[in-house]
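Enquirer: Please find model-v2.cif (mmCIF, C-alpha atoms and all ligand atoms) on the next line:
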data_structure
loop_
_atom_site.label_atom_id
_atom_site.label_comp_id
_atom_site.auth_asym_id
_atom_site.auth_seq_id
_atom_site.Cartn_x
_atom_site.Cartn_y
_atom_site.Cartn_z
CA MET A 1 5.74 28.13 -8.03
CA GLU A 2 3.90 31.01 -9.76
CA SER A 3 0.33 31.52 -8.72
CA GLU A 4 -0.33 34.17 -11.38
CA THR A 5 -1.41 31.49 -13.80
CA TYR A 6 -4.47 29.57 -12.68
CA MET A 7 -3.16 26.60 -10.74
CA LYS A 8 -5.15 23.49 -9.90
CA ALA A 9 -5.20 21.64 -6.59
CA LEU A 10 -6.76 18.21 -6.26
CA ILE A 11 -7.76 17.21 -2.74
CA LEU A 12 -7.99 13.46 -2.22
CA ASN A 13 -10.22 13.41 0.82
CA GLY A 14 -9.95 10.07 2.66
CA SER A 15 -12.33 10.92 5.48
CA ARG A 16 -14.78 8.52 7.01
CA LYS A 17 -18.46 9.32 7.29
CA GLY A 18 -19.35 11.70 10.10
CA ASP A 19 -15.84 13.06 10.69
CA ARG A 20 -16.83 16.67 11.38
CA PHE A 21 -13.32 17.76 12.25
CA LEU A 22 -11.97 16.53 8.94
CA ASP A 23 -14.84 18.16 7.04
CA ALA A 24 -13.98 21.45 8.77
CA ALA A 25 -10.28 20.99 8.00
CA SER A 26 -11.21 20.36 4.37
CA ASP A 27 -13.04 23.71 4.28
CA VAL A 28 -10.02 25.47 5.79
CA LEU A 29 -7.79 23.76 3.22
CA SER A 30 -10.01 24.78 0.27
CA HIS A 31 -10.22 28.33 1.56
CA THR A 32 -6.45 28.60 2.04
CA LEU A 33 -5.78 27.17 -1.42
CA LYS A 34 -8.22 29.56 -3.06
CA GLY A 35 -6.53 32.41 -1.20
CA ALA A 36 -3.25 31.26 -2.73
CA GLY A 37 -4.77 31.40 -6.22
CA TYR A 38 -5.67 27.77 -6.75
CA GLU A 39 -8.68 26.31 -8.43
CA VAL A 40 -9.71 23.59 -5.97
CA ASP A 41 -11.12 20.18 -6.85
CA PRO A 42 -12.14 18.31 -3.70
CA LEU A 43 -12.68 14.60 -4.29
CA ILE A 44 -14.42 12.84 -1.41
CA LEU A 45 -13.34 9.29 -2.10
CA ARG A 46 -15.86 7.55 0.17
CA ASP A 47 -18.70 8.98 -1.95
CA LEU A 48 -17.28 7.53 -5.16
CA LYS A 49 -17.73 4.09 -6.61
CA ILE A 50 -14.14 2.83 -6.60
CA ALA A 51 -13.47 -0.89 -6.80
CA SER A 52 -10.20 -2.15 -5.39
CA CYS A 53 -7.28 -2.72 -7.76
CA LYS A 54 -7.26 -6.29 -9.18
CA GLY A 55 -3.50 -6.41 -9.62
CA CYS A 56 -3.86 -7.30 -13.34
CA PHE A 57 -1.39 -4.74 -14.80
CA ASP A 58 -3.81 -4.07 -17.68
CA CYS A 59 -3.17 -0.35 -17.05
CA TRP A 60 0.39 -1.08 -18.20
CA VAL A 61 0.20 -3.77 -20.86
CA LYS A 62 -3.34 -3.86 -22.27
CA THR A 63 -4.92 -0.39 -22.09
CA PRO A 64 -1.79 1.61 -21.19
CA GLY A 65 -2.54 4.45 -18.80
CA VAL A 66 -6.18 3.45 -18.24
CA CYS A 67 -7.44 1.04 -15.56
CA SER A 68 -9.50 -1.83 -16.98
CA THR A 69 -12.12 -1.34 -14.26
CA ASP A 70 -14.57 1.20 -15.62
CA ASP A 71 -15.76 3.05 -12.54
CA GLU A 72 -15.07 6.32 -10.72
CA GLY A 73 -11.62 5.07 -9.76
CA ARG A 74 -10.54 6.26 -13.22
CA LEU A 75 -11.12 9.82 -12.06
CA VAL A 76 -8.14 9.65 -9.70
CA PRO A 77 -5.28 9.39 -12.24
CA MET A 78 -7.24 11.60 -14.65
CA LYS A 79 -7.62 14.43 -12.14
CA MET A 80 -4.12 13.84 -10.82
CA MET A 81 -2.60 14.51 -14.24
CA GLN A 82 -4.62 17.70 -14.58
CA SER A 83 -3.42 19.13 -11.26
CA ASP A 84 -0.40 21.03 -10.00
CA LEU A 85 -0.90 19.88 -6.42
CA MET A 86 -2.29 16.57 -5.21
CA ILE A 87 -3.14 16.81 -1.54
CA TYR A 88 -3.95 13.82 0.63
CA LEU A 89 -6.29 14.72 3.46
CA THR A 90 -6.76 11.72 5.72
CA PRO A 91 -7.15 10.57 9.26
CA ILE A 92 -3.92 8.80 10.20
CA ILE A 93 -4.98 5.19 10.69
CA ILE A 94 -2.46 2.72 12.09
CA GLY A 95 0.21 5.20 11.08
CA GLY A 96 -0.89 5.23 7.45
CA PHE A 97 -3.63 6.42 5.12
CA SER A 98 -7.30 5.52 5.57
CA SER A 99 -8.56 2.69 3.38
CA GLU A 100 -10.81 5.28 1.67
CA LEU A 101 -7.79 7.28 0.49
CA LYS A 102 -5.84 4.15 -0.29
CA LYS A 103 -8.47 2.66 -2.59
CA GLY A 104 -8.07 5.78 -4.76
CA LEU A 105 -4.28 5.69 -4.66
CA ASP A 106 -4.19 1.99 -5.62
CA ARG A 107 -5.78 3.01 -8.92
CA ILE A 108 -3.12 5.47 -10.11
CA THR A 109 -0.41 2.97 -11.06
CA GLY A 110 -1.04 3.47 -14.78
CA ALA A 111 0.08 7.10 -14.48
CA LEU A 112 3.64 5.75 -14.62
CA LEU A 113 5.22 3.44 -17.19
CA PRO A 114 5.59 -0.25 -16.28
CA PHE A 115 9.35 -0.37 -16.83
CA LEU A 116 11.92 -0.43 -14.08
CA THR A 117 14.69 2.12 -13.88
CA ASN A 118 17.28 3.31 -11.37
CA VAL A 119 16.35 6.52 -9.54
CA ASN A 120 19.08 7.62 -7.13
CA GLY A 121 20.12 4.06 -6.37
CA GLU A 122 16.61 2.62 -5.99
CA ILE A 123 14.43 1.00 -8.62
CA HIS A 124 11.32 2.95 -9.63
CA HIS A 125 9.15 3.41 -12.72
CA PRO A 126 9.92 5.96 -15.45
CA PHE A 127 7.42 8.73 -16.25
CA ARG A 128 4.51 8.27 -18.60
CA TYR A 129 3.73 12.01 -18.54
CA LYS A 130 6.08 14.98 -18.72
CA LYS A 131 4.96 16.59 -15.51
CA TYR A 132 3.41 15.34 -12.28
CA PRO A 133 1.75 17.27 -9.47
CA LYS A 134 3.50 17.86 -6.19
CA ILE A 135 2.34 15.49 -3.45
CA LEU A 136 1.33 17.00 -0.12
CA GLY A 137 -0.03 15.06 2.86
CA ILE A 138 -2.22 16.36 5.67
CA GLY A 139 -2.76 13.74 8.36
CA ILE A 140 -5.17 14.03 11.24
CA LEU A 141 -4.54 12.55 14.67
CA PRO A 142 -6.36 12.82 17.98
CA GLN A 143 -3.14 13.94 19.66
CA PRO A 144 0.62 13.99 19.07
CA ASP A 145 1.94 10.49 18.38
CA GLU A 146 5.58 10.34 17.39
CA GLU A 147 5.53 6.90 15.82
CA ALA A 148 2.31 7.37 13.84
CA GLU A 149 3.53 10.75 12.57
CA ARG A 150 6.86 9.30 11.49
CA ILE A 151 5.19 6.48 9.56
CA PHE A 152 2.72 8.89 7.93
CA ARG A 153 5.38 11.37 6.84
CA THR A 154 7.64 8.61 5.54
CA LEU A 155 4.76 7.20 3.54
CA VAL A 156 4.03 10.58 1.92
CA ASN A 157 7.73 10.94 1.09
CA ARG A 158 7.87 7.45 -0.39
CA ASN A 159 4.85 8.18 -2.58
CA ALA A 160 6.57 11.33 -3.83
CA LEU A 161 9.71 9.31 -4.58
CA ASN A 162 7.64 7.27 -7.03
CA ILE A 163 7.33 10.45 -9.08
CA HIS A 164 11.00 11.19 -8.41
CA ASP A 165 10.15 14.07 -6.10
CA LYS A 166 10.22 15.10 -2.46
CA GLY A 167 7.02 14.85 -0.42
CA HIS A 168 5.69 17.42 2.01
CA SER A 169 3.43 16.76 4.95
CA THR A 170 1.91 18.15 8.09
CA VAL A 171 -0.02 16.66 10.97
CA VAL A 172 -3.08 18.31 12.45
CA TYR A 173 -4.50 17.43 15.88
CA ARG A 174 -8.18 17.22 16.58
CA ASN A 175 -7.96 19.87 19.29
CA ASP A 176 -6.21 22.37 16.98
CA SER A 177 -8.22 25.56 16.43
CA HIS A 178 -9.24 26.54 12.89
CA GLU A 179 -6.57 29.24 13.01
CA ARG A 180 -3.93 26.68 13.94
CA VAL A 181 -5.08 24.37 11.14
CA ALA A 182 -4.87 27.28 8.67
CA GLU A 183 -1.36 28.13 9.91
CA LYS A 184 -0.18 24.56 9.48
CA ILE A 185 -1.62 24.39 5.96
CA LYS A 186 -0.01 27.70 5.00
CA ALA A 187 3.33 26.48 6.34
CA LEU A 188 2.94 23.27 4.34
CA LEU A 189 2.25 25.18 1.12
CA ALA A 190 5.22 27.46 1.80
CA GLU A 191 7.50 24.47 2.45
CA ALA A 192 6.39 22.89 -0.83
CA GLY A 193 6.98 26.14 -2.70
CA ALA A 194 3.27 26.21 -3.48
CA ALA A 195 2.24 29.36 -1.61
CA LYS A 196 1.48 32.68 -3.20
CA MET B 1 -2.33 -32.30 26.86
CA SER B 2 -2.95 -28.87 25.37
CA SER B 3 -4.67 -28.73 21.98
CA PRO B 4 -2.53 -27.80 18.97
CA LYS B 5 -2.04 -24.12 18.25
CA LYS B 6 -3.87 -22.67 15.27
CA ALA B 7 -2.25 -20.61 12.52
CA LEU B 8 -4.37 -18.57 10.12
CA LEU B 9 -3.05 -17.24 6.81
CA LEU B 10 -4.69 -14.01 5.68
CA VAL B 11 -4.00 -13.61 1.96
CA GLY B 12 -3.99 -9.90 1.12
CA SER B 13 -3.56 -10.04 -2.65
CA PRO B 14 -6.38 -9.56 -5.18
CA ARG B 15 -4.67 -12.29 -7.21
CA GLY B 16 -5.71 -14.78 -4.52
CA ARG B 17 -4.44 -18.30 -5.20
CA ASP B 18 -2.22 -17.11 -8.06
CA SER B 19 -0.41 -14.52 -5.96
CA SER B 20 3.13 -14.40 -4.66
CA SER B 21 1.56 -13.64 -1.28
CA GLU B 22 -0.17 -17.02 -1.38
CA ALA B 23 3.05 -18.76 -2.50
CA LEU B 24 5.01 -17.26 0.41
CA GLY B 25 2.31 -17.46 3.09
CA GLY B 26 1.19 -20.91 1.95
CA TYR B 27 4.74 -22.23 2.21
CA LEU B 28 5.02 -21.00 5.81
CA LEU B 29 1.60 -22.46 6.61
CA ASN B 30 2.68 -25.90 5.35
CA ARG B 31 5.86 -25.79 7.43
CA LEU B 32 3.82 -24.86 10.52
CA LYS B 33 1.56 -27.83 9.84
CA GLU B 34 4.61 -30.08 9.85
CA HIS B 35 5.46 -28.58 13.24
CA GLY B 36 2.08 -29.81 14.50
CA MET B 37 0.01 -26.65 14.19
CA GLU B 38 -3.54 -26.56 12.87
CA THR B 39 -3.86 -24.30 9.86
CA GLY B 40 -6.50 -22.24 8.07
CA LYS B 41 -6.67 -19.67 5.30
CA VAL B 42 -8.79 -16.62 4.52
CA TYR B 43 -8.72 -14.45 1.38
CA ILE B 44 -9.11 -10.85 2.47
CA HIS B 45 -10.36 -9.29 -0.79
CA PRO B 46 -13.48 -11.47 -1.29
CA SER B 47 -14.10 -11.53 2.49
CA MET B 48 -14.21 -7.75 2.73
CA LEU B 49 -16.89 -7.51 0.00
CA THR B 50 -19.75 -8.81 2.17
CA GLU B 51 -20.79 -8.49 5.82
CA ARG B 52 -20.94 -12.25 6.06
CA GLY B 53 -17.43 -12.56 4.68
CA GLN B 54 -16.15 -10.06 7.22
CA ALA B 55 -17.92 -11.83 10.09
CA GLU B 56 -16.44 -15.18 9.04
CA MET B 57 -13.00 -13.62 8.75
CA LEU B 58 -13.28 -12.17 12.27
CA GLN B 59 -14.44 -15.52 13.65
CA ALA B 60 -11.52 -17.31 12.04
CA ILE B 61 -9.16 -14.71 13.50
CA ASP B 62 -10.68 -15.06 16.96
CA ARG B 63 -10.10 -18.81 16.88
CA SER B 64 -6.41 -18.48 15.93
CA ASP B 65 -3.22 -18.21 17.95
CA LEU B 66 -0.96 -17.06 15.13
CA LEU B 67 -2.02 -14.71 12.33
CA ILE B 68 0.06 -14.62 9.15
CA LEU B 69 -0.65 -11.54 7.04
CA ALA B 70 0.72 -11.97 3.51
CA PHE B 71 0.27 -9.07 1.10
CA PRO B 72 1.84 -7.31 -1.89
CA LEU B 73 3.27 -3.80 -1.54
CA TYR B 74 0.81 -1.37 -3.14
CA VAL B 75 1.93 2.25 -3.50
CA ASP B 76 4.42 1.86 -0.64
CA SER B 77 1.81 0.50 1.73
CA LEU B 78 -0.81 -2.25 2.09
CA PRO B 79 -3.53 -2.76 -0.53
CA ALA B 80 -6.70 -0.78 0.33
CA PRO B 81 -8.84 -3.84 1.20
CA VAL B 82 -6.10 -5.04 3.57
CA ILE B 83 -6.09 -1.66 5.32
CA ALA B 84 -9.89 -1.87 5.49
CA ALA B 85 -9.54 -5.35 7.04
CA LEU B 86 -7.08 -4.06 9.64
CA GLU B 87 -9.50 -1.21 10.45
CA THR B 88 -12.29 -3.77 10.87
CA ILE B 89 -10.19 -6.09 13.03
CA ALA B 90 -9.05 -3.19 15.24
CA GLU B 91 -12.66 -2.10 15.72
CA HIS B 92 -13.71 -5.67 16.53
CA ARG B 93 -10.96 -6.04 19.12
CA ARG B 94 -11.95 -2.82 20.84
CA THR B 95 -15.21 -4.39 21.94
CA LYS B 96 -13.99 -7.84 22.92
CA VAL B 97 -11.01 -9.04 24.88
CA ARG B 98 -9.13 -11.66 22.92
CA LYS B 99 -6.89 -14.48 23.95
CA GLU B 100 -3.18 -14.08 23.49
CA GLN B 101 -2.31 -13.92 19.80
CA LYS B 102 0.68 -13.23 17.59
CA LEU B 103 1.06 -11.63 14.18
CA VAL B 104 3.72 -12.23 11.56
CA ALA B 105 3.69 -10.26 8.30
CA ILE B 106 5.07 -11.35 4.92
CA THR B 107 5.17 -8.78 2.17
CA ASN B 108 6.52 -8.83 -1.36
CA SER B 109 6.99 -6.18 -4.01
CA GLY B 110 7.61 -5.36 -7.64
CA PHE B 111 10.74 -3.33 -6.97
CA PRO B 112 13.68 -5.52 -5.98
CA GLU B 113 14.76 -3.74 -2.78
CA ALA B 114 13.31 -5.21 0.42
CA SER B 115 13.92 -1.89 2.18
CA GLN B 116 11.14 -0.29 0.10
CA MET B 117 8.72 -2.31 2.26
CA ASP B 118 9.89 -0.86 5.60
CA THR B 119 6.93 1.52 5.88
CA ALA B 120 4.38 -1.19 5.13
CA LEU B 121 5.94 -3.40 7.80
CA ALA B 122 6.00 -0.47 10.25
CA ILE B 123 2.23 -0.22 9.72
CA CYS B 124 1.79 -3.95 10.43
CA ARG B 125 3.85 -3.65 13.59
CA ARG B 126 1.88 -0.61 14.69
CA PHE B 127 -1.35 -2.54 14.04
CA ALA B 128 -0.14 -5.29 16.35
CA SER B 129 0.63 -2.86 19.15
CA GLU B 130 -2.66 -0.96 18.72
CA THR B 131 -4.67 -4.18 18.86
CA LYS B 132 -2.57 -5.81 21.59
CA ILE B 133 -1.49 -8.67 19.38
CA GLY B 134 2.07 -9.85 19.93
CA TRP B 135 4.42 -8.82 17.09
CA ALA B 136 6.28 -11.87 15.84
CA GLY B 137 8.12 -10.00 13.07
CA GLY B 138 7.92 -9.04 9.41
CA LEU B 139 9.56 -10.54 6.34
CA ALA B 140 10.02 -8.56 3.12
CA ILE B 141 10.73 -10.35 -0.16
CA GLY B 142 11.97 -7.82 -2.71
CA GLY B 143 10.94 -8.50 -6.30
CA GLY B 144 8.50 -11.23 -5.24
CA GLU B 145 6.74 -10.53 -8.54
CA ALA B 146 9.34 -12.84 -10.11
CA LEU B 147 7.58 -15.84 -8.53
CA HIS B 148 4.79 -15.14 -10.97
CA GLY B 149 2.08 -17.31 -9.51
CA ARG B 150 4.39 -20.28 -8.94
CA SER B 151 4.75 -22.02 -5.60
CA LEU B 152 8.13 -21.73 -3.89
CA ALA B 153 8.83 -25.35 -4.86
CA GLU B 154 8.03 -24.69 -8.52
CA ALA B 155 10.15 -21.54 -8.54
CA GLY B 156 13.19 -23.71 -7.81
CA TRP B 157 16.61 -22.10 -7.34
CA MET B 158 15.21 -18.59 -7.44
CA ALA B 159 13.16 -19.16 -4.29
CA ARG B 160 15.94 -20.73 -2.22
CA ASN B 161 16.27 -17.75 0.14
CA PRO B 162 12.55 -17.30 0.81
CA ARG B 163 12.30 -21.07 1.46
CA LYS B 164 15.24 -20.98 3.84
CA ALA B 165 13.90 -17.91 5.65
CA LEU B 166 10.39 -19.36 5.96
CA ASP B 167 11.76 -22.70 7.21
CA MET B 168 13.61 -20.81 9.93
CA ALA B 169 10.58 -18.64 10.67
CA ALA B 170 8.37 -21.74 11.04
CA THR B 171 10.76 -23.27 13.57
CA ALA B 172 10.79 -20.08 15.64
CA LEU B 173 7.02 -19.49 15.43
CA ALA B 174 6.20 -23.10 16.33
CA GLU B 175 8.28 -22.61 19.49
CA ASP B 176 6.43 -19.36 20.17
CA ARG B 177 9.48 -17.23 19.46
CA PRO B 178 9.53 -14.17 17.18
CA VAL B 179 11.18 -14.44 13.78
CA PRO B 180 14.93 -13.90 14.32
CA LYS B 181 16.75 -10.97 12.70
CA GLU B 182 18.94 -13.38 10.74
CA THR B 183 15.80 -14.82 9.12
CA VAL B 184 14.60 -11.35 8.11
CA ASP B 185 18.00 -10.72 6.48
CA ILE B 186 17.86 -13.95 4.47
CA ALA B 187 14.33 -13.16 3.27
CA ALA B 188 15.56 -9.72 2.15
CA LYS B 189 18.18 -11.16 -0.22
CA PRO B 190 17.27 -10.58 -3.88
CA LEU B 191 15.75 -13.57 -5.68
CA ILE B 192 17.97 -12.90 -8.68
CA PRO B 193 20.64 -10.24 -9.29
CA ARG B 194 19.15 -6.76 -9.60
CA TRP B 195 20.30 -6.06 -13.15
CA MET B 196 18.86 -9.38 -14.27
CA TYR B 197 15.55 -8.68 -12.53
CA VAL B 198 15.26 -5.30 -14.25
CA PHE B 199 16.16 -6.79 -17.64
CA VAL B 200 13.68 -9.65 -17.35
CA ALA B 201 10.88 -7.43 -16.03
CA ASN B 202 11.27 -4.86 -18.81
CA ARG B 203 11.27 -7.57 -21.46
CA TRP B 204 8.22 -9.20 -19.87
CA PHE B 205 6.21 -5.94 -19.98
CA LYS B 206 7.05 -5.45 -23.68
CA ASN B 207 6.11 -9.04 -24.53
CA GLU B 208 2.83 -8.82 -22.63
CA ALA B 209 1.93 -5.60 -24.43
CA LYS B 210 2.72 -7.28 -27.75
CA LYS B 211 0.53 -10.26 -26.87
CA ASN B 212 -2.30 -7.82 -26.17
CA GLY B 213 -1.66 -5.89 -29.39
CA ALA B 214 -0.86 -2.84 -27.27
CA GLN B 215 2.84 -2.44 -28.09
CA ASP B 216 2.21 0.84 -29.95
CA LYS B 217 0.20 2.22 -27.06
CA LEU B 218 2.67 1.47 -24.27
CA TYR B 219 3.69 5.13 -23.94
CA ASP B 220 0.19 6.62 -24.41
CA ARG B 221 -0.81 9.64 -22.32
CA PRO B 222 -4.59 9.30 -22.09
CA TYR B 223 -4.91 11.98 -19.40
CA GLN B 224 -2.43 14.51 -20.76
CA ALA B 225 -3.64 17.95 -19.62
C1 LIG C 301 -1.66 -0.98 -7.61
C2 LIG C 301 -0.28 -1.53 -7.44
C3 LIG C 301 0.65 -0.81 -6.72
C4 LIG C 301 1.94 -1.32 -6.53
N1 LIG C 301 2.84 -0.57 -5.83
C5 LIG C 301 4.10 -1.03 -5.66
C6 LIG C 301 5.06 -0.26 -4.94
O1 LIG C 301 4.79 0.84 -4.44
N2 LIG C 301 6.31 -0.77 -4.83
C7 LIG C 301 6.66 -1.98 -5.34
O2 LIG C 301 7.80 -2.39 -5.19
N3 LIG C 301 5.75 -2.75 -6.01
C8 LIG C 301 4.49 -2.29 -6.17
N4 LIG C 301 3.57 -3.06 -6.85
C9 LIG C 301 3.96 -4.39 -7.36
C10 LIG C 301 3.50 -5.54 -6.47
O3 LIG C 301 3.91 -5.37 -5.14
C11 LIG C 301 4.09 -6.83 -7.01
O4 LIG C 301 3.57 -7.05 -8.30
C12 LIG C 301 3.85 -8.05 -6.14
O5 LIG C 301 4.75 -9.07 -6.51
C13 LIG C 301 2.45 -8.60 -6.24
O6 LIG C 301 2.31 -9.65 -5.29
P1 LIG C 301 1.02 -10.61 -5.23
O7 LIG C 301 1.18 -11.59 -6.38
O8 LIG C 301 1.10 -11.26 -3.91
O9 LIG C 301 -0.18 -9.76 -5.40
C14 LIG C 301 2.29 -2.56 -7.07
C15 LIG C 301 1.35 -3.30 -7.80
C16 LIG C 301 0.08 -2.79 -8.00
C17 LIG C 301 -0.91 -3.59 -8.79
#
Translate the structure described by the file into structure tokens.
Expert:
Amino acid sequence: MESETYMKALILNGSRKGDRFLDAASDVLSHTLKGAGYEVDPLILRDLKIASCKGCFDCWVKTPGVCSTDDEGRLVPMKMMQSDLMIYLTPIIIGGFSSELKKGLDRITGALLPFLTNVNGEIHHPFRYKKYPKILGIGILPQPDEEAERIFRTLVNRNALNIHDKGHSTVVYRNDSHERVAEKIKALLAEAGAAK
Amino acid sequence: MSSPKKALLLVGSPRGRDSSSEALGGYLLNRLKEHGMETGKVYIHPSMLTERGQAEMLQAIDRSDLLILAFPLYVDSLPAPVIAALETIAEHRRTKVRKEQKLVAITNSGFPEASQMDTALAICRRFASETKIGWAGGLAIGGGEALHGRSLAEAGWMARNPRKALDMAATALAEDRPVPKETVDIAAKPLIPRWMYVFVANRWFKNEAKKNGAQDKLYDRPYQA
């Protein structure tokens, strides 16, 4: 990926209130992205008014592409489609994403078309837009946890499959130094082909 | 004589009573009742909106022996309010020691492959181990969207495999056994052939858009950069 042109990175921050480590990791992430030439848009989901998805499919068959709930949840697919990278930053909870991150992700369904199509032997939705951002996941755990890490990474990969792509993820531990966090983030960007 | 065991259905779909989650979970609940269990039901989405709702949900959970978590697959995982509920339950159980309980999960999806729900079920299983609830197994019904708000009885032929699987699951759970592997495999069988499911779903979306006068907007790109 070329970083000569001004690239945009959306951070979907799924932290819970008072998580100082995650706030610090978010700063390291923003700093690293800026260093790689990105314009950074950090979205702290817990501070936004985002109702949960009603499961009505209006974003497919009534107001295509737009969620019928008019609140800040609409920002998520909007900002997603204006970004080159969409980065999940979340504590790993029960192996998966925090409910704060998830309430944002549940609102992006309209970014794809409703129809079903075969993608490498599995059914998925076709694209509504020409181009989608790369999906990167940064999960935070108190300490190494093989099962939780496997579930988290699989989940990021499965989300990327929905946009017919490969996901990229890393796991950060709460006793990692800032330098270590920065290294892991740089390695993640390099793996995704998103480094300078 | 020991009092009857209590089963609690936690419905994790925002569609509530009209959901496939309710159709599947409700069917299992009725079978368990026939096996002599006491049954109850909680809707997660409205419960999570208020402190009182959450407290009542936790009380109902504390009183139960078997928890049935029925939810739709949302973006490869559980719907956000269901994750929030699991976070709340885990927190609640950290402070109080509970009696022995079991959890069975039933999930359904829009895509027809049951394997697409593996991650969501891995999360449910992990939740059980983190909260020291016994894991009684997970059932995944691919393309459960085809039930379309109908009960398993109303859905007729199409729902024969889910009915069979849930009958078997009820027998095992009533005897305090986990759901057998064979049952999981029957639940995973497609409701209708894959090509037919895709054909019907695509036609349904077009018809719905037409009904809403949105057929010309189906491919809109409102957020095109
Ligand atoms: C926000 C949202 C996200 C969804 N994500 C997926 C998904 O990742 N994979 C899938 O197969 N179906 C997905 N679905 C489809 C639902 O799982 C499907 O419609 C299901 O049958 C709904 O069950 P319910 O009636 O119990 O709510 C999604 C639906 C919505 C509304």
Enquirer: Kindly provide the residues of chain A that approach chain B to within 6 Å, each paired with its closest atom pair and their distance in Å to one decimal, based on only C-alpha atoms, listed by chain and increasing number, as a Markdown table.
Expert:
| residue | atom | partner | partner_atom | distance |
| --- | --- | --- | --- | --- |
| A:Lys54 | CA | B:Pro14 | CA | 5.2 |
| A:Val61 | CA | B:Ala209 | CA | 4.4 |
| A:Lys62 | CA | B:Asn212 | CA | 5.7 |
| A:Pro64 | CA | B:Leu218 | CA | 5.4 |
| A:Met78 | CA | B:Tyr223 | CA | 5.3 |
| A:Gln82 | CA | B:Ala225 | CA | 5.1 |
| A:Ile94 | CA | B:Phe127 | CA | 5.7 |
| A:Gly95 | CA | B:Ile123 | CA | 5.9 |
| A:Ser99 | CA | B:Ala80 | CA | 5.0 |
| A:Lys102 | CA | B:Ala80 | CA | 5.0 |
| A:Lys103 | CA | B:Ala80 | CA | 4.8 |
| A:Phe115 | CA | B:Asn202 | CA | 5.3 |
| A:Leu116 | CA | B:Val198 | CA | 5.9 |
| A:Ile123 | CA | B:Phe111 | CA | 5.9 |
Enquirer: Let me see the file: selected residues, C-alpha atoms, as a CSV table (one decimal), in the frame of the given file.
Expert:
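Generated file (part19.csv):
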chain,number,residue,atom,x,y,z
A,54,LYS,CA,-7.3,-6.3,-9.2
A,61,VAL,CA,0.2,-3.8,-20.9
A,62,LYS,CA,-3.3,-3.9,-22.3
A,64,PRO,CA,-1.8,1.6,-21.2
A,78,MET,CA,-7.2,11.6,-14.6
A,82,GLN,CA,-4.6,17.7,-14.6
A,94,ILE,CA,-2.5,2.7,12.1
A,95,GLY,CA,0.2,5.2,11.1
A,99,SER,CA,-8.6,2.7,3.4
A,102,LYS,CA,-5.8,4.2,-0.3
A,103,LYS,CA,-8.5,2.7,-2.6
A,115,PHE,CA,9.4,-0.4,-16.8
A,116,LEU,CA,11.9,-0.4,-14.1
A,123,ILE,CA,14.4,1.0,-8.6
Enquirer: Using only C-alpha atoms and all ligand atoms, which of A:Val156, A:Leu43, A:Leu22, A:Ile108 sits nearest ligand LIG 301 (chain C)?
Expert: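 Counting only C-alpha atoms and all ligand atoms, the residue closest to ligand LIG 301 (chain C) is A:Ile108.
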Enquirer: Mind running chain A against ligand LIG 301 (chain C) at 7 Å and telling me each contacting residue's nearest atom pair with the distance in Å (one decimal), counting only C-alpha atoms and all ligand atoms, chain and number ascending, as a tab-separated table?
Expert:
residue	atom	partner	partner_atom	distance
A:Cys53	CA	C:LIG301	C1	5.9
A:Lys54	CA	C:LIG301	C17	6.9
A:Gly55	CA	C:LIG301	C17	3.9
A:Cys56	CA	C:LIG301	C17	6.6
A:Phe57	CA	C:LIG301	C17	6.1
A:Asp106	CA	C:LIG301	C1	4.4
A:Arg107	CA	C:LIG301	C1	5.9
A:Thr109	CA	C:LIG301	C1	5.4
Enquirer: When you look at Ala60 of chain B with a cut-off of 12 Å (counting all atoms listed in the file), what residues show up, excluding the ones that are within fewer than 2 positions of it in the same chain? I need them as number ranges by chain.
Expert: B: 6-10, 39-44, 47, 53-58, 62-67, 89
Enquirer: Taking (18.9, -11.7, 0.7) in the file's coordinates, which residues come within 9 Å, counting all atoms listed in the file, written as an mmCIF file with C-alpha atoms, in the coordinates of the input?
Expert:
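Listed below is the output, point31.cif:
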data_model
loop_
_atom_site.group_PDB
_atom_site.id
_atom_site.type_symbol
_atom_site.label_atom_id
_atom_site.label_comp_id
_atom_site.auth_asym_id
_atom_site.auth_seq_id
_atom_site.Cartn_x
_atom_site.Cartn_y
_atom_site.Cartn_z
ATOM 1 C CA ALA B 114 13.310 -5.210 0.420
ATOM 2 C CA ILE B 141 10.730 -10.350 -0.160
ATOM 3 C CA GLY B 142 11.970 -7.820 -2.710
ATOM 4 C CA ASN B 161 16.270 -17.750 0.140
ATOM 5 C CA PRO B 162 12.550 -17.300 0.810
ATOM 6 C CA VAL B 184 14.600 -11.350 8.110
ATOM 7 C CA ASP B 185 18.000 -10.720 6.480
ATOM 8 C CA ILE B 186 17.860 -13.950 4.470
ATOM 9 C CA ALA B 187 14.330 -13.160 3.270
ATOM 10 C CA ALA B 188 15.560 -9.720 2.150
ATOM 11 C CA LYS B 189 18.180 -11.160 -0.220
ATOM 12 C CA PRO B 190 17.270 -10.580 -3.880
ATOM 13 C CA LEU B 191 15.750 -13.570 -5.680
#
Enquirer: How many Å lie between atom CA of Leu32 of chain B and atom CA of Ala174 of chain B, rounded to one decimal?
Expert: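 Value for the atom CA of Leu32 of chain B-atom CA of Ala174 of chain B distance: 6.5 Å.
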Enquirer: Taking only C-alpha atoms into account, name the residue in B:Met37, B:Met48, B:Leu73, B:Ile106 that is nearest to Ser3 of chain B.
Expert: B:Met37
Enquirer: Tell me which of A:Trp60, A:Ala194, A:Tyr88, A:Thr154 sits closest to Pro114 of chain A, counting all atoms listed in the file.
Expert: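 Closest to Pro114 of chain A, using all atoms listed in the file: A:Trp60.
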